[in-house]
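The next block holds one structure in the form of structure tokens; read it before the comments.
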Amino acid sequence: MTTSITRQEARTAPDAPSDRAPARPRRRKRGERGPLASIALHATLLLASAVAIFPVVWIALTSLKPGDDWQKPGSFEGLSLNNYRDVLSDGSFVRWFGNSIVVALGTTVIGVFIAASAGYALSRMRFPGHKPLMWAFLVVQMFPVAVLIVPMYTIMSKLHLINTYGSLILAYCTVAVPFCAWMLKGYFDTIPREIDEAGRVDGLTPFGTFWRLIMPLARPGLAVTAFYSFLTAWGEVAYATTFMNDRKHYTLAVGLSTWVGQFKSEWGLMTAASVLITIPAALVFFFVQRHLVSGLTAGGTKS
């Protein structure tokens, strides 16, 4: 009996250390990065971030330098806010800032409404010319500004819109609406059609269904298109230079170019104004950032 118990314990006892097989190195799963790959990836990201942020930091530092100290890259003495004070005390800059705000907000509101209406129609309705209209939205994006600016100036002149906000708003809408309509069309495709049917059952008109049911659900897509429309109008130069001949109607992009002359350039004022110009765009981005990812990717896998 003692012998049988001893044999049983021997079978159940763990193997001696000398009999244990050597531990194999852990095999990395497919797609798992090694230490060197992680270091290389993070180094690349840090380098790319530094390259991206360097111009912004350089402009911000230059805007704080007095006089012609911008010609001394390595000097950081005498930094002050005098350039910002001079810019904000200039009545022309304040007027240009107001003009840009009016044009950008007008383009955003009108462009987003037209693009949303067109995108909803392309998503929900089938009518003669449906496919050609979709292709037309793509084709008009292929023409450069240099080709369109002359005929558009002729049209604006015949409509007596030169030196008015309306000329720039219409011109910028022609740029923003086709792209935004395509983007919103893809987003509306992700919204179930049963919601439209429920709205009709409740007695809503097609526009009531669009305005009261679909638009609240499309906030991420609307946020992306609003951001794109705002940036399209905020920093544009070619149309603003052509359609605005009066100094008091200049936008910021055109007005700042007057500070760069043939014999003297006010780079301190230019850089200070450039920093101030980024504030409205940054605020718009701050308010719509939580919708950007979902709005940009919505409809990406929709057939």
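Residue numbering restarts at 1 in every chain; chains get A, B, ... in the order shown in the structure tokens, and ligands count up from 1 in that same order.
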
**Item:** Polymer residues at most 9 Å from stretch 195-199 of chain A, only C-alpha atoms, same-chain spacing of 5 or more positions, as a VMD selection string
**Value:** chain A and resid 204 to 206 208 to 210 212 to 214

Just the selected residues (C-alpha atoms), exported as a compact mmCIF listing (two decimals), in the first residue's frame, please.
# COMPACT_ATOMS: atom_id res chain seq x y z
CA LEU A 204 -45.68 66.81 -40.91
CA THR A 205 -44.94 68.23 -44.31
CA PRO A 206 -41.73 67.15 -46.08
CA GLY A 208 -41.41 69.95 -41.45
CA THR A 209 -39.95 66.44 -41.33
CA PHE A 210 -36.63 67.75 -42.57
CA ARG A 212 -37.98 69.20 -37.01
CA LEU A 213 -36.81 65.59 -37.18
CA ILE A 214 -33.82 65.19 -39.48

**Residue neighbourhood A:Thr242, 9 Å, only C-alpha atoms, exclusion window fewer than 3 positions, as a PyMOL selection string** = chain A and resi 149+153+162+237-239+245

Could the residues in this selection be written to a file with all heavy atoms, as a tab-separated table (two decimals), in the first residue's frame?
chain	number	residue	atom	x	y	z
A	149	ILE	N	-13.05	83.35	-61.70
A	149	ILE	CA	-13.12	84.68	-61.11
A	149	ILE	C	-13.58	85.73	-62.12
A	149	ILE	O	-14.29	86.66	-61.76
A	149	ILE	CB	-11.74	85.04	-60.50
A	149	ILE	CG1	-11.90	86.18	-59.50
A	149	ILE	CG2	-10.72	85.36	-61.58
A	149	ILE	CD1	-10.68	86.38	-58.63
A	153	TYR	N	-17.02	87.75	-61.71
A	153	TYR	CA	-16.97	89.20	-61.58
A	153	TYR	C	-17.96	89.87	-62.54
A	153	TYR	O	-18.63	90.85	-62.18
A	153	TYR	CB	-15.56	89.71	-61.86
A	153	TYR	CG	-15.42	91.21	-61.72
A	153	TYR	CD1	-15.17	91.79	-60.48
A	153	TYR	CD2	-15.57	92.05	-62.83
A	153	TYR	CE1	-15.05	93.16	-60.34
A	153	TYR	CE2	-15.46	93.43	-62.69
A	153	TYR	CZ	-15.19	93.98	-61.46
A	153	TYR	OH	-15.07	95.35	-61.33
A	162	ILE	N	-20.90	94.44	-56.69
A	162	ILE	CA	-19.50	94.73	-56.41
A	162	ILE	C	-19.43	95.66	-55.20
A	162	ILE	O	-20.22	96.58	-55.05
A	162	ILE	CB	-18.81	95.36	-57.63
A	162	ILE	CG1	-18.88	94.40	-58.82
A	162	ILE	CG2	-17.36	95.69	-57.32
A	162	ILE	CD1	-18.19	93.08	-58.58
A	237	VAL	N	-8.76	84.99	-50.25
A	237	VAL	CA	-8.13	86.22	-50.70
A	237	VAL	C	-8.55	86.61	-52.12
A	237	VAL	O	-8.83	87.79	-52.39
A	237	VAL	CB	-6.58	86.10	-50.63
A	237	VAL	CG1	-5.92	87.37	-51.15
A	237	VAL	CG2	-6.14	85.81	-49.21
A	238	ALA	N	-8.60	85.64	-53.04
A	238	ALA	CA	-8.76	85.97	-54.47
A	238	ALA	C	-10.07	86.68	-54.74
A	238	ALA	O	-10.09	87.78	-55.35
A	238	ALA	CB	-8.68	84.68	-55.29
A	239	TYR	N	-11.20	86.11	-54.31
A	239	TYR	CA	-12.49	86.75	-54.55
A	239	TYR	C	-12.59	88.08	-53.81
A	239	TYR	O	-13.13	89.07	-54.34
A	239	TYR	CB	-13.63	85.84	-54.11
A	239	TYR	CG	-13.87	84.66	-55.02
A	239	TYR	CD1	-13.93	83.37	-54.52
A	239	TYR	CD2	-14.04	84.85	-56.38
A	239	TYR	CE1	-14.15	82.28	-55.35
A	239	TYR	CE2	-14.27	83.76	-57.23
A	239	TYR	CZ	-14.31	82.48	-56.70
A	239	TYR	OH	-14.53	81.42	-57.53
A	245	ASN	N	-13.31	96.68	-53.96
A	245	ASN	CA	-12.38	97.71	-54.43
A	245	ASN	C	-12.24	98.86	-53.45
A	245	ASN	O	-11.30	99.65	-53.55
A	245	ASN	CB	-12.83	98.26	-55.79
A	245	ASN	CG	-12.93	97.15	-56.84
A	245	ASN	OD1	-12.11	96.24	-56.84
A	245	ASN	ND2	-13.92	97.23	-57.71

**Nearby residues (only C-alpha atoms) at most 7 Å from stretch 96-113 of chain A, same-chain spacing under 4 positions excluded, as a PyMOL selection string** = chain A and resi 92+117+165+168-169+172-173+176-177+225-226+229-230+233-234+249-252+255

**Request:** Work out how far apart atom CA of A:Tyr84 and atom CA of A:Thr164 are and give it in Å to one decimal.
**Result:** 28.6 Å

**Item:** Shortest interatomic distance to A:Met183 - which of A:Phe207, A:Gly119, A:Leu45, A:Met152, counting only C-alpha atoms
**Value:**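 Closest to A:Met183, using only C-alpha atoms: A:Gly119.
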
**Message:** Using only C-alpha atoms for the distances, tell me which of A:Leu276, A:Leu231, A:Ala50, A:Val140 is nearest to A:Phe93.
**Reply:** A:Leu276

**Message:** Let's see if you can do this: from backbone DSSP, list all alpha helix (DSSP H) residues in stretch 143-264 of chain A, as a ChimeraX atom specification.
**Reply:** /A:145-158,165-189,194-201,206-209,215-217,219-234,238-243,252-255

**Message:** I want to know what sits within 12 Å of A:Lys72, based on only C-alpha atoms, with residues of the same chain fewer than 5 positions away left out; could you give that as JSON, numbers by chain?
**Reply:** {"A": [61, 62, 65, 66, 67, 77]}

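In this model, the gap between atom CA of A:Met270 and atom CA of A:Lys248 comes to 18.3 Å.
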